[in-house]
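A.B. asks: Handing over run.csv, CSV, C-alpha atoms.
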```csv
chain,number,residue,atom,x,y,z
N,1,MET,CA,50.6,215.6,115.0
N,2,LYS,CA,49.3,213.0,117.5
N,3,ARG,CA,47.5,211.2,114.7
N,4,THR,CA,50.7,211.2,112.6
N,5,LEU,CA,52.7,209.7,115.4
N,6,LEU,CA,50.1,207.0,116.1
N,7,ALA,CA,50.2,206.1,112.4
N,8,LEU,CA,54.0,205.9,112.3
N,9,PHE,CA,53.9,203.8,115.5
N,10,ALA,CA,51.3,201.5,113.9
N,11,ILE,CA,53.4,201.1,110.7
N,12,THR,CA,56.5,200.4,112.7
N,13,ALA,CA,54.7,197.8,114.8
N,14,LEU,CA,53.3,196.1,111.6
N,15,THR,CA,56.7,196.1,110.0
N,16,ALA,CA,58.2,194.5,113.2
N,17,CYS,CA,55.4,191.9,113.2
N,18,ALA,CA,55.9,191.1,109.5
N,19,ASP,CA,59.7,190.7,110.1
N,20,ALA,CA,59.0,188.4,113.0
N,21,TRP,CA,56.5,186.4,111.0
N,22,ALA,CA,58.9,186.1,108.1
N,23,GLY,CA,61.7,185.1,110.5
N,24,GLY,CA,59.5,182.4,112.0
N,25,ILE,CA,58.5,181.0,108.6
N,26,ALA,CA,62.1,181.0,107.5
N,27,ARG,CA,63.3,179.2,110.6
N,28,ASN,CA,60.6,176.5,110.0
N,29,ILE,CA,61.7,176.0,106.4
N,30,ALA,CA,65.4,175.9,107.4
N,31,ASP,CA,64.7,173.4,110.2
N,32,GLY,CA,62.6,171.2,107.8
N,33,LEU,CA,65.2,171.2,105.0
N,34,GLY,CA,68.0,170.9,107.5
N,35,GLY,CA,66.5,167.7,108.8
N,36,ILE,CA,66.8,166.0,105.4
N,37,ARG,CA,69.8,163.7,105.4
N,38,SER,CA,69.4,162.4,101.8
N,39,TYR,CA,66.9,161.7,99.1
N,40,ARG,CA,66.6,160.2,95.7
N,41,GLY,CA,63.9,160.8,93.1
N,42,THR,CA,62.8,161.5,89.6
N,43,THR,CA,61.1,164.7,88.4
N,44,THR,CA,59.2,165.9,85.4
N,45,GLU,CA,58.9,169.5,84.1
N,46,THR,CA,56.6,171.0,81.4
N,47,GLY,CA,56.9,174.4,79.8
N,48,LEU,CA,60.6,174.0,78.9
N,49,GLY,CA,59.9,173.0,75.3
N,50,ASP,CA,57.8,170.8,73.2
N,51,ALA,CA,58.3,167.7,75.4
N,52,ALA,CA,58.2,167.0,79.1
N,53,VAL,CA,61.7,167.0,80.7
N,54,GLU,CA,62.5,164.2,83.1
N,55,ARG,CA,65.5,164.1,85.5
N,56,SER,CA,66.9,161.9,88.2
N,57,VAL,CA,67.9,163.7,91.4
N,58,LEU,CA,70.2,162.7,94.3
N,59,TYR,CA,70.8,164.8,97.4
N,60,ALA,CA,73.0,164.4,100.4
N,61,LYS,CA,73.4,166.7,103.4
N,62,PRO,CA,74.8,169.3,103.7
N,63,GLY,CA,73.9,170.4,100.2
N,64,MET,CA,75.5,168.1,97.6
N,65,ILE,CA,73.2,167.4,94.7
N,66,ARG,CA,73.3,165.6,91.4
N,67,VAL,CA,70.7,166.2,88.7
N,68,GLU,CA,70.8,164.2,85.4
N,69,THR,CA,68.5,164.7,82.5
N,70,THR,CA,67.0,161.4,81.2
N,71,SER,CA,64.6,162.7,78.6
N,72,PRO,CA,64.0,164.0,76.0
N,73,GLY,CA,66.7,162.0,74.2
N,74,ILE,CA,68.4,165.1,72.7
N,75,HIS,CA,69.3,166.2,76.2
N,76,HIS,CA,69.9,162.7,77.7
N,77,GLY,CA,72.9,162.7,80.1
N,78,GLU,CA,73.1,166.4,80.8
N,79,LEU,CA,74.4,166.9,84.3
N,80,PHE,CA,74.3,169.5,87.1
N,81,VAL,CA,76.4,168.4,90.0
N,82,TYR,CA,77.5,170.2,93.2
N,83,ASP,CA,79.9,168.2,95.5
N,84,GLY,CA,80.1,170.7,98.2
N,85,ASN,CA,83.0,172.6,96.6
N,86,THR,CA,82.8,172.3,92.8
N,87,ILE,CA,79.9,173.0,90.5
N,88,THR,CA,80.0,170.9,87.2
N,89,LEU,CA,77.7,171.2,84.2
N,90,TRP,CA,78.1,168.7,81.4
N,91,TYR,CA,76.5,168.6,78.0
N,92,PRO,CA,77.6,165.2,76.5
N,93,GLN,CA,76.1,165.7,73.0
N,94,ILE,CA,78.6,168.5,72.3
N,95,LEU,CA,81.4,167.3,74.6
N,96,PHE,CA,81.2,170.6,76.6
N,97,GLY,CA,81.6,171.2,80.3
N,98,ILE,CA,81.7,174.0,82.8
N,99,ARG,CA,83.4,173.7,86.2
N,100,ILE,CA,83.4,176.3,89.0
N,101,HIS,CA,85.8,175.5,91.7
N,102,ASN,CA,85.7,176.6,95.3
N,103,ALA,CA,82.0,177.4,95.3
N,104,HIS,CA,81.8,177.5,99.0
N,105,PRO,CA,78.4,176.8,100.5
N,106,PRO,CA,76.9,179.5,102.8
N,107,SER,CA,77.0,178.9,106.6
N,108,ALA,CA,73.9,177.9,108.4
N,109,ALA,CA,73.4,181.5,109.6
N,110,GLU,CA,73.8,182.9,106.1
N,111,ALA,CA,71.4,180.3,104.7
N,112,LEU,CA,68.8,181.4,107.3
N,113,HIS,CA,69.3,185.1,106.5
N,114,HIS,CA,68.8,184.3,102.8
N,115,LEU,CA,65.6,182.4,103.6
N,116,GLU,CA,64.4,185.3,105.8
N,117,ARG,CA,64.9,187.8,103.0
N,118,LEU,CA,63.3,185.5,100.4
N,119,THR,CA,60.3,185.0,102.7
N,120,LYS,CA,59.8,188.7,103.2
N,121,VAL,CA,59.9,189.2,99.4
N,122,ASN,CA,57.3,186.5,98.9
N,123,LEU,CA,55.0,187.7,101.8
N,124,ASP,CA,55.1,191.2,100.2
N,125,ALA,CA,54.5,190.0,96.7
N,126,TYR,CA,51.9,187.2,97.2
N,127,THR,CA,49.0,186.1,99.3
N,128,PHE,CA,49.0,182.5,100.6
N,129,ALA,CA,46.0,180.1,101.3
N,130,LEU,CA,46.3,176.6,102.5
N,131,ASP,CA,44.1,174.6,100.2
N,132,ASP,CA,44.7,171.0,101.3
N,133,GLU,CA,46.3,169.7,104.4
N,134,HIS,CA,46.1,166.0,103.4
N,135,ALA,CA,47.6,166.0,99.8
N,136,HIS,CA,50.1,163.4,98.6
N,137,VAL,CA,52.8,163.8,95.9
N,138,ALA,CA,55.1,160.9,94.9
N,139,GLY,CA,53.9,158.9,97.9
N,140,GLN,CA,54.8,161.7,100.4
N,141,ARG,CA,52.4,163.7,102.6
N,142,ALA,CA,52.2,167.3,101.4
N,143,LEU,CA,50.5,170.7,102.2
N,144,GLU,CA,48.9,172.3,99.1
N,145,TRP,CA,49.1,176.1,98.9
N,146,ILE,CA,47.5,178.4,96.4
N,147,VAL,CA,49.6,181.5,95.9
N,148,ARG,CA,48.2,184.7,94.3
N,149,PRO,CA,50.0,187.9,93.4
N,150,ALA,CA,49.3,190.7,95.9
N,151,ARG,CA,49.7,193.2,93.0
N,152,ARG,CA,50.3,192.9,89.2
N,153,ALA,CA,54.0,192.7,88.2
N,154,PRO,CA,55.9,191.0,85.4
N,155,LEU,CA,56.2,187.2,85.9
N,156,ARG,CA,54.3,187.3,89.2
N,157,MET,CA,51.5,184.8,88.6
N,158,THR,CA,49.1,182.6,90.4
N,159,HIS,CA,50.6,179.2,91.3
N,160,ARG,CA,50.1,176.2,93.5
N,161,VAL,CA,52.9,174.7,95.6
N,162,TRP,CA,52.9,171.3,97.4
N,163,ASN,CA,55.4,171.2,100.3
N,164,ALA,CA,56.4,167.9,101.9
N,165,ASP,CA,55.1,167.7,105.5
N,166,PRO,CA,57.2,168.1,107.7
N,167,SER,CA,60.4,168.6,105.6
N,168,THR,CA,59.0,171.6,103.7
N,169,LEU,CA,60.8,170.3,100.5
N,170,PRO,CA,58.8,171.6,97.4
N,171,LEU,CA,57.3,168.5,95.8
N,172,LYS,CA,55.3,170.0,93.1
N,173,MET,CA,54.6,173.5,91.5
N,174,GLU,CA,52.2,174.7,88.9
N,175,PHE,CA,52.3,178.3,87.5
N,176,VAL,CA,49.4,179.6,85.3
N,177,ARG,CA,49.1,182.7,83.1
N,178,ASP,CA,46.2,185.2,83.4
N,179,ASP,CA,44.2,183.1,81.0
N,180,LYS,CA,44.6,180.1,83.3
N,181,SER,CA,46.8,178.2,80.8
N,182,LEU,CA,49.8,176.4,82.3
N,183,TRP,CA,53.1,178.3,82.1
N,184,TYR,CA,55.4,176.0,83.9
N,185,SER,CA,55.1,172.9,86.1
N,186,PHE,CA,57.5,170.8,88.2
N,187,ALA,CA,56.8,167.6,90.2
N,188,PHE,CA,58.5,164.7,91.8
N,189,LYS,CA,57.2,161.4,90.2
N,190,GLU,CA,59.2,159.3,92.7
N,191,LEU,CA,60.9,160.3,95.9
N,192,ALA,CA,62.5,158.4,98.8
N,193,PHE,CA,64.1,160.0,101.8
N,194,ASP,CA,67.1,158.8,103.9
N,195,VAL,CA,68.6,156.7,101.0
N,196,PRO,CA,72.1,155.3,101.1
N,197,VAL,CA,74.6,157.5,99.2
N,198,ALA,CA,77.8,156.0,97.7
N,199,ALA,CA,81.0,157.8,98.4
N,200,ASP,CA,81.6,158.7,94.7
N,201,ALA,CA,78.0,159.6,94.0
N,202,PHE,CA,78.9,163.2,93.2
N,203,ALA,CA,82.1,162.6,91.4
N,204,VAL,CA,82.2,163.6,87.7
N,205,THR,CA,84.9,162.4,85.3
N,206,LEU,CA,84.8,164.2,82.0
N,207,PRO,CA,86.2,162.7,78.8
N,208,LYS,CA,89.7,163.8,77.8
N,209,ASN,CA,88.5,165.1,74.5
N,210,ALA,CA,85.9,167.4,76.1
N,211,VAL,CA,86.1,171.2,76.0
N,212,VAL,CA,85.8,172.4,79.6
N,213,PHE,CA,85.6,176.0,80.8
N,214,GLU,CA,86.7,176.5,84.3
N,215,TRP,CA,86.7,179.2,87.0
N,216,ASP,CA,88.3,179.2,90.4
N,217,LEU,CA,86.4,181.5,92.8
N,218,ASP,CA,89.4,181.6,95.1
N,219,ALA,CA,91.7,182.9,92.4
N,220,PRO,CA,92.8,186.6,92.5
N,221,GLY,CA,90.2,188.9,90.9
N,222,ILE,CA,90.8,191.5,88.2
N,223,GLY,CA,89.4,195.1,88.0
N,224,LEU,CA,86.6,196.2,85.8
N,225,ASP,CA,88.9,198.4,83.7
N,226,GLN,CA,91.3,195.4,83.2
N,227,ALA,CA,88.3,193.2,82.2
N,228,ARG,CA,87.2,195.7,79.6
N,229,GLU,CA,90.7,195.9,78.2
N,230,GLU,CA,91.4,192.2,78.1
N,231,MET,CA,88.1,190.8,77.0
N,232,ASN,CA,87.2,190.4,73.3
N,233,PHE,CA,83.5,191.3,74.0
N,234,THR,CA,81.5,194.1,75.5
N,235,VAL,CA,81.8,193.7,79.3
N,236,GLN,CA,78.4,194.4,80.9
N,237,THR,CA,77.3,195.0,84.4
N,238,PRO,CA,73.9,195.2,86.2
N,239,ARG,CA,72.7,198.7,87.0
N,240,SER,CA,70.1,197.5,89.5
N,241,LEU,CA,70.9,195.0,92.4
N,242,PRO,CA,68.9,194.0,95.5
N,243,LYS,CA,70.0,195.7,98.7
N,244,GLY,CA,73.3,194.4,100.0
N,245,HIS,CA,74.5,193.1,96.7
N,246,ALA,CA,77.4,194.6,94.7
N,247,ILE,CA,80.1,193.3,92.4
N,248,THR,CA,82.7,191.9,94.9
N,249,LYS,CA,85.0,190.1,92.5
N,250,ILE,CA,85.7,189.6,88.8
N,251,VAL,CA,87.3,186.2,88.0
N,252,ARG,CA,88.9,185.5,84.7
N,253,SER,CA,88.8,182.0,83.3
N,254,PRO,CA,92.2,180.4,82.8
N,255,HIS,CA,90.9,179.0,79.5
N,256,CYS,CA,92.4,180.4,76.3
N,257,LEU,CA,89.2,182.1,75.4
N,258,PRO,CA,88.5,185.4,77.3
N,259,MET,CA,85.7,184.8,79.8
N,260,ILE,CA,84.8,186.4,83.1
N,261,LEU,CA,82.6,185.7,86.1
N,262,LEU,CA,81.2,188.5,88.2
N,263,THR,CA,80.4,187.5,91.8
N,264,MET,CA,77.8,189.5,93.7
N,265,ASP,CA,76.9,187.3,96.7
N,266,PHE,CA,75.5,188.7,99.9
N,267,ASP,CA,75.0,186.9,103.2
N,268,GLY,CA,73.7,183.6,101.8
N,269,SER,CA,72.0,185.1,98.7
N,270,LEU,CA,74.1,183.9,95.8
N,271,LEU,CA,74.4,185.9,92.6
N,272,SER,CA,76.8,185.7,89.7
N,273,LEU,CA,77.1,186.7,86.0
N,274,SER,CA,79.3,184.9,83.5
N,275,GLU,CA,80.2,186.7,80.3
N,276,SER,CA,81.9,185.6,77.0
N,277,ARG,CA,82.0,186.4,73.3
N,278,PHE,CA,78.9,185.0,71.5
N,279,THR,CA,80.1,182.9,68.6
N,280,GLY,CA,76.7,181.4,67.7
N,281,GLU,CA,77.9,178.0,68.9
N,282,ALA,CA,76.8,178.0,72.6
N,283,THR,CA,74.6,175.2,73.8
N,284,HIS,CA,70.9,176.1,74.0
N,285,PRO,CA,69.8,175.4,77.6
N,286,LEU,CA,66.5,173.9,78.6
N,287,GLY,CA,64.2,176.5,79.9
N,288,VAL,CA,61.1,178.8,79.6
N,289,GLU,CA,61.4,181.3,76.8
N,290,ILE,CA,61.0,184.9,78.1
N,291,ARG,CA,61.9,188.4,77.0
N,292,LEU,CA,64.1,190.9,78.7
N,293,GLY,CA,62.6,194.0,77.2
N,294,THR,CA,62.8,193.1,73.5
N,295,THR,CA,65.7,190.6,74.0
N,296,PRO,CA,64.8,186.9,74.0
N,297,ALA,CA,66.2,184.9,76.9
N,298,THR,CA,65.9,181.4,78.5
N,299,LEU,CA,64.8,181.0,82.1
N,300,SER,CA,66.0,177.7,83.6
N,301,PHE,CA,65.4,176.1,87.0
N,302,LEU,CA,68.0,173.9,88.8
N,303,GLY,CA,66.7,173.0,92.2
N,304,ALA,CA,67.1,176.1,94.4
N,305,PHE,CA,68.9,178.0,91.6
N,306,THR,CA,67.5,180.0,88.6
N,307,VAL,CA,69.6,180.7,85.5
N,308,ILE,CA,68.8,183.3,82.9
N,309,THR,CA,70.8,183.0,79.6
N,310,TRP,CA,70.7,185.6,76.8
N,311,VAL,CA,72.8,187.4,74.2
N,312,LYS,CA,73.2,191.2,74.2
N,313,ASP,CA,75.5,193.4,72.0
N,314,GLY,CA,77.5,190.3,71.0
N,315,THR,CA,78.0,189.1,74.6
N,316,LEU,CA,76.7,185.7,75.9
N,317,LEU,CA,75.5,186.2,79.4
N,318,ALA,CA,74.3,183.8,82.1
N,319,LEU,CA,72.9,185.1,85.4
N,320,THR,CA,72.7,182.5,88.2
N,321,SER,CA,71.2,183.0,91.7
N,322,ASN,CA,69.1,181.4,94.5
N,323,LEU,CA,67.0,184.6,94.5
N,324,ASP,CA,63.3,184.4,93.3
N,325,PHE,CA,63.1,184.3,89.5
N,326,ALA,CA,61.0,187.5,89.2
N,327,THR,CA,63.7,189.5,91.1
N,328,LEU,CA,66.4,187.8,88.9
N,329,VAL,CA,64.6,188.9,85.7
N,330,GLY,CA,64.7,192.5,86.9
N,331,ILE,CA,68.4,192.3,87.5
N,332,ALA,CA,69.0,190.8,84.1
N,333,GLU,CA,66.9,193.6,82.4
N,334,SER,CA,69.3,196.1,84.0
N,335,VAL,CA,72.5,194.6,82.6
N,336,GLN,CA,74.1,196.9,80.0
```
For the structure just supplied, provide its representation as structure tokens.

C.D. replies:
Amino acid sequence: MKRTLLALFAITALTACADAWAGGIARNIADGLGGIRSYRGTTTETGLGDAAVERSVLYAKPGMIRVETTSPGIHHGELFVYDGNTITLWYPQILFGIRIHNAHPPSAAEALHHLERLTKVNLDAYTFALDDEHAHVAGQRALEWIVRPARRAPLRMTHRVWNADPSTLPLKMEFVRDDKSLWYSFAFKELAFDVPVAADAFAVTLPKNAVVFEWDLDAPGIGLDQAREEMNFTVQTPRSLPKGHAITKIVRSPHCLPMILLTMDFDGSLLSLSESRFTGEATHPLGVEIRLGTTPATLSFLGAFTVITWVKDGTLLALTSNLDFATLVGIAESVQ
């Protein structure tokens, strides 16, 4: 009995130390990112298709961001913009846009709680080793880390991360498969902090002949039974969610086509699932091709957000979150 009590005490103490360590790391990251007033840069990504993808990025505190694809040409002009209230996605080649209104940002306390949970997940899933304290990426000082999985799991792979010192902004990432081949990479090619930002830098005016789907997150929600009755597709829900997350609201789009958005946010960790009838005409997003069981899907990265898009039982689904992508894949696999 004495030995058991000592073991339980040791486990409790280790858990408390791990929580304190994760909290300290999260506060350091939050302080570093919170100190960034603005930046402008260009990025390049590989692993999203046959050609490298280049984008221009503009950020302004407290979280406004504009990401525009510049190449390859077939995707030139695609936009992701968040102006502090509205999220806009624009695909100019097919004159198609998405707008999500009243997407309120988390408070500073909620953002810190999210970072703490994310840090705990990463400390449990990976081991970290500082490989270079004097690295440089896009003209910025960086700390280079090598990150290895603590145990085998789907999509948990060895990768390197270069964090700006002292802002902690990720400047470069490289993920490799078990055979050491490159799976996905991201890097800033150019980056400047504290740049002037025009008042209309995050404004987006879409053409009058565009097809735009919209949601208002402050609109009254509908129940799951009502959604199943009114939608012309099979309404699906996740069967497995991280602790604290649950379906808190189902918002119907005011567009003539039946579409819904399930919100499942929790204390700074954002999670939503959009659903509509698959007509075979949806735009194909840039991303890494993965599988959810036997179902093909696309995994896309947009700054701090990850989006998984797939079709199941005639329903077009898009799961969006600031959770880590391995966790998000597990959620997507549970949707039925």

A.B. asks: CA of Gln226 in chain N to CA of Phe213 in chain N: how many Å, to one decimal?

C.D. replies: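 Separation between CA of Gln226 in chain N and CA of Phe213 in chain N: 20.4 Å.
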
A.B. asks: Can you work out which one of N:Leu323, N:Leu262, N:Val137, N:Gly35 has the shortest atom-to-atom distance to Lys189 in chain N, counting only C-alpha atoms?

C.D. replies: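 Distance minimum relative to Lys189 in chain N lands on N:Val137.
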
A.B. asks: Take CA of Phe301 in chain N and CA of Gly47 in chain N and report the distance between them in Å, one decimal.

C.D. replies: 11.3 Å

A.B. asks: Name all residues at most 7 Å from range 195-197 of chain N (count only C-alpha atoms; drop same-chain ones fewer than 4 positions away) and give them as a list in words.

C.D. replies: Ser38, Tyr39, Arg40 and Ala201 of chain N

A.B. asks: Report as a list in words all protein, DNA and RNA residues lying within 12 Å of Lys249 in chain N, evaluated on all atoms listed in the file, omitting residues in the same chain fewer than 5 positions from it.

C.D. replies: Asp216, Leu217, Asp218, Ala219, Pro220, Gly221, Ile222, Gly223, Leu224, Ala227, Ile260, Leu261, Leu262, Thr263, Met264, Asp265, Leu271, Ser272, Leu273 and Ser274 of chain N

A.B. asks: Just to be explicit: take each residue in the selection above, keep C-alpha atoms, and write the result as an mmCIF file, in the coordinates of the input.

C.D. replies:
```cif
data_model
loop_
_atom_site.group_PDB
_atom_site.id
_atom_site.type_symbol
_atom_site.label_atom_id
_atom_site.label_comp_id
_atom_site.auth_asym_id
_atom_site.auth_seq_id
_atom_site.Cartn_x
_atom_site.Cartn_y
_atom_site.Cartn_z
ATOM 1 C CA ASP N 216 88.300 179.200 90.400
ATOM 2 C CA LEU N 217 86.400 181.500 92.800
ATOM 3 C CA ASP N 218 89.400 181.600 95.100
ATOM 4 C CA ALA N 219 91.700 182.900 92.400
ATOM 5 C CA PRO N 220 92.800 186.600 92.500
ATOM 6 C CA GLY N 221 90.200 188.900 90.900
ATOM 7 C CA ILE N 222 90.800 191.500 88.200
ATOM 8 C CA GLY N 223 89.400 195.100 88.000
ATOM 9 C CA LEU N 224 86.600 196.200 85.800
ATOM 10 C CA ALA N 227 88.300 193.200 82.200
ATOM 11 C CA ILE N 260 84.800 186.400 83.100
ATOM 12 C CA LEU N 261 82.600 185.700 86.100
ATOM 13 C CA LEU N 262 81.200 188.500 88.200
ATOM 14 C CA THR N 263 80.400 187.500 91.800
ATOM 15 C CA MET N 264 77.800 189.500 93.700
ATOM 16 C CA ASP N 265 76.900 187.300 96.700
ATOM 17 C CA LEU N 271 74.400 185.900 92.600
ATOM 18 C CA SER N 272 76.800 185.700 89.700
ATOM 19 C CA LEU N 273 77.100 186.700 86.000
ATOM 20 C CA SER N 274 79.300 184.900 83.500
#
```

A.B. asks: Nearest to Ile290 in chain N among N:Leu257, N:Ala22, N:Gly303, N:Ile308, with distances taken over only C-alpha atoms: which residue is it?

C.D. replies: N:Ile308

A.B. asks: Using CA of Ala198 in chain N and CA of Ile100 in chain N as the two end points, give the distance in Å to one decimal.

C.D. replies: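 Here the two named atoms are 22.8 Å from each other.
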
A.B. asks: Could you pull the residues within 7 Å of Asp267 in chain N, counting only C-alpha atoms, minus those fewer than 6 positions along the same chain, as an NGL selection string?

C.D. replies: :N and (110 or 113-114)

A.B. asks: Dump C-alpha atoms for the selected residues as a PDB file, in the frame of the given file?

C.D. replies:
```pdb
ATOM      1  CA  GLU N 110      73.800 182.900 106.100  1.00  0.00           C
ATOM      2  CA  HIS N 113      69.300 185.100 106.500  1.00  0.00           C
ATOM      3  CA  HIS N 114      68.800 184.300 102.800  1.00  0.00           C
TER       4      HIS N 114
END
```

A.B. asks: Show me the residues around (73.2, 195.6, 99.5) - criterion: an atom at most 10 Å away, only C-alpha atoms counted - as a PDB file with C-alpha atoms, keeping the file's coordinate frame.

C.D. replies:
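part.pdb was written with the following content:
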```pdb
ATOM      1  CA  LEU N 241      70.900 195.000  92.400  1.00  0.00           C
ATOM      2  CA  PRO N 242      68.900 194.000  95.500  1.00  0.00           C
ATOM      3  CA  LYS N 243      70.000 195.700  98.700  1.00  0.00           C
ATOM      4  CA  GLY N 244      73.300 194.400 100.000  1.00  0.00           C
ATOM      5  CA  HIS N 245      74.500 193.100  96.700  1.00  0.00           C
ATOM      6  CA  ALA N 246      77.400 194.600  94.700  1.00  0.00           C
ATOM      7  CA  MET N 264      77.800 189.500  93.700  1.00  0.00           C
ATOM      8  CA  ASP N 265      76.900 187.300  96.700  1.00  0.00           C
ATOM      9  CA  PHE N 266      75.500 188.700  99.900  1.00  0.00           C
ATOM     10  CA  ASP N 267      75.000 186.900 103.200  1.00  0.00           C
TER      11      ASP N 267
END
```

A.B. asks: Each residue of range 152-242 of chain N with at least one atom at most 9 Å from range 68-81 of chain N should appear once, together with its nearest atom pair and the corresponding distance in Å (one decimal); atoms considered: all atoms listed in the file; ordering: chain, then increasing residue number; output as CSV.

C.D. replies:
```
residue,atom,partner,partner_atom,distance
N:Phe202,CA,N:Val81,CA,6.6
N:Ala203,CA,N:Val81,CA,8.3
N:Val204,CA,N:Val81,CA,7.9
```

A.B. asks: Please, could you write that set of residues out with C-alpha atoms as an mmCIF file, keeping the file's coordinate frame?

C.D. replies:
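The resulting selection-v9.cif:
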```cif
data_model
loop_
_atom_site.group_PDB
_atom_site.id
_atom_site.type_symbol
_atom_site.label_atom_id
_atom_site.label_comp_id
_atom_site.auth_asym_id
_atom_site.auth_seq_id
_atom_site.Cartn_x
_atom_site.Cartn_y
_atom_site.Cartn_z
ATOM 1 C CA PHE N 202 78.900 163.200 93.200
ATOM 2 C CA ALA N 203 82.100 162.600 91.400
ATOM 3 C CA VAL N 204 82.200 163.600 87.700
#
```

A.B. asks: For Leu206 in chain N, which residue among N:Asn28, N:Arg37, N:Gly63, N:Phe96 is the nearest when counting only C-alpha atoms?

C.D. replies: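 Of the candidates, the smallest distance to Leu206 in chain N is held by N:Phe96.
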
A.B. asks: Go through N:Thr42, N:Gln140, N:Glu275, N:Ser321 one by one, measure the shortest atom-to-atom distance of each to Glu54 in chain N using all atoms listed in the file, and give the residue with the smallest value.

C.D. replies: N:Thr42

A.B. asks: Please determine, counting all atoms listed in the file, which residue among N:Val121, N:Ala103, N:Ala199, N:Val212 has the shortest atom-to-atom distance to Arg156 in chain N.

C.D. replies: N:Val121

A.B. asks: Residues at most 12 Å from Met259 in chain N, counting all atoms listed in the file, excluding those fewer than 3 positions away in the same chain, as an MDAnalysis selection string?

C.D. replies: chainID N and resid 98 213:215 222 227:228 230:235 250:256 262 273:278 315:318

A.B. asks: Could you write range 326-331 of chain N of the block just shown to a file containing all heavy atoms, as a compact mmCIF listing (two decimals), in the first residue's frame?

C.D. replies:
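This is the output file out31.txt:
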```txt
# COMPACT_ATOMS: atom_id res chain seq x y z
N ALA N 326 -3.04 16.29 -36.68
CA ALA N 326 -3.24 14.87 -36.39
C ALA N 326 -4.53 14.68 -35.59
O ALA N 326 -5.30 13.74 -35.84
CB ALA N 326 -2.04 14.32 -35.63
N THR N 327 -4.79 15.57 -34.63
CA THR N 327 -6.04 15.50 -33.86
C THR N 327 -7.23 15.74 -34.79
O THR N 327 -8.26 15.07 -34.69
CB THR N 327 -6.04 16.55 -32.74
OG1 THR N 327 -5.02 16.20 -31.79
CG2 THR N 327 -7.39 16.60 -32.02
N LEU N 328 -7.08 16.70 -35.71
CA LEU N 328 -8.17 17.03 -36.61
C LEU N 328 -8.49 15.86 -37.54
O LEU N 328 -9.67 15.61 -37.84
CB LEU N 328 -7.80 18.27 -37.43
CG LEU N 328 -8.97 19.05 -38.03
CD1 LEU N 328 -9.88 19.58 -36.94
CD2 LEU N 328 -8.47 20.19 -38.91
N VAL N 329 -7.50 15.13 -37.98
CA VAL N 329 -7.73 13.95 -38.81
C VAL N 329 -8.56 12.92 -38.05
O VAL N 329 -9.48 12.31 -38.59
CB VAL N 329 -6.40 13.34 -39.28
CG1 VAL N 329 -6.62 11.97 -39.90
CG2 VAL N 329 -5.74 14.27 -40.30
N GLY N 330 -8.25 12.71 -36.76
CA GLY N 330 -9.03 11.78 -35.95
C GLY N 330 -10.48 12.20 -35.83
O GLY N 330 -11.39 11.35 -35.87
N ILE N 331 -10.72 13.51 -35.69
CA ILE N 331 -12.11 14.00 -35.63
C ILE N 331 -12.81 13.74 -36.95
O ILE N 331 -13.95 13.26 -36.99
CB ILE N 331 -12.12 15.51 -35.30
CG1 ILE N 331 -11.53 15.76 -33.93
CG2 ILE N 331 -13.55 16.06 -35.36
CD1 ILE N 331 -11.29 17.24 -33.60
```
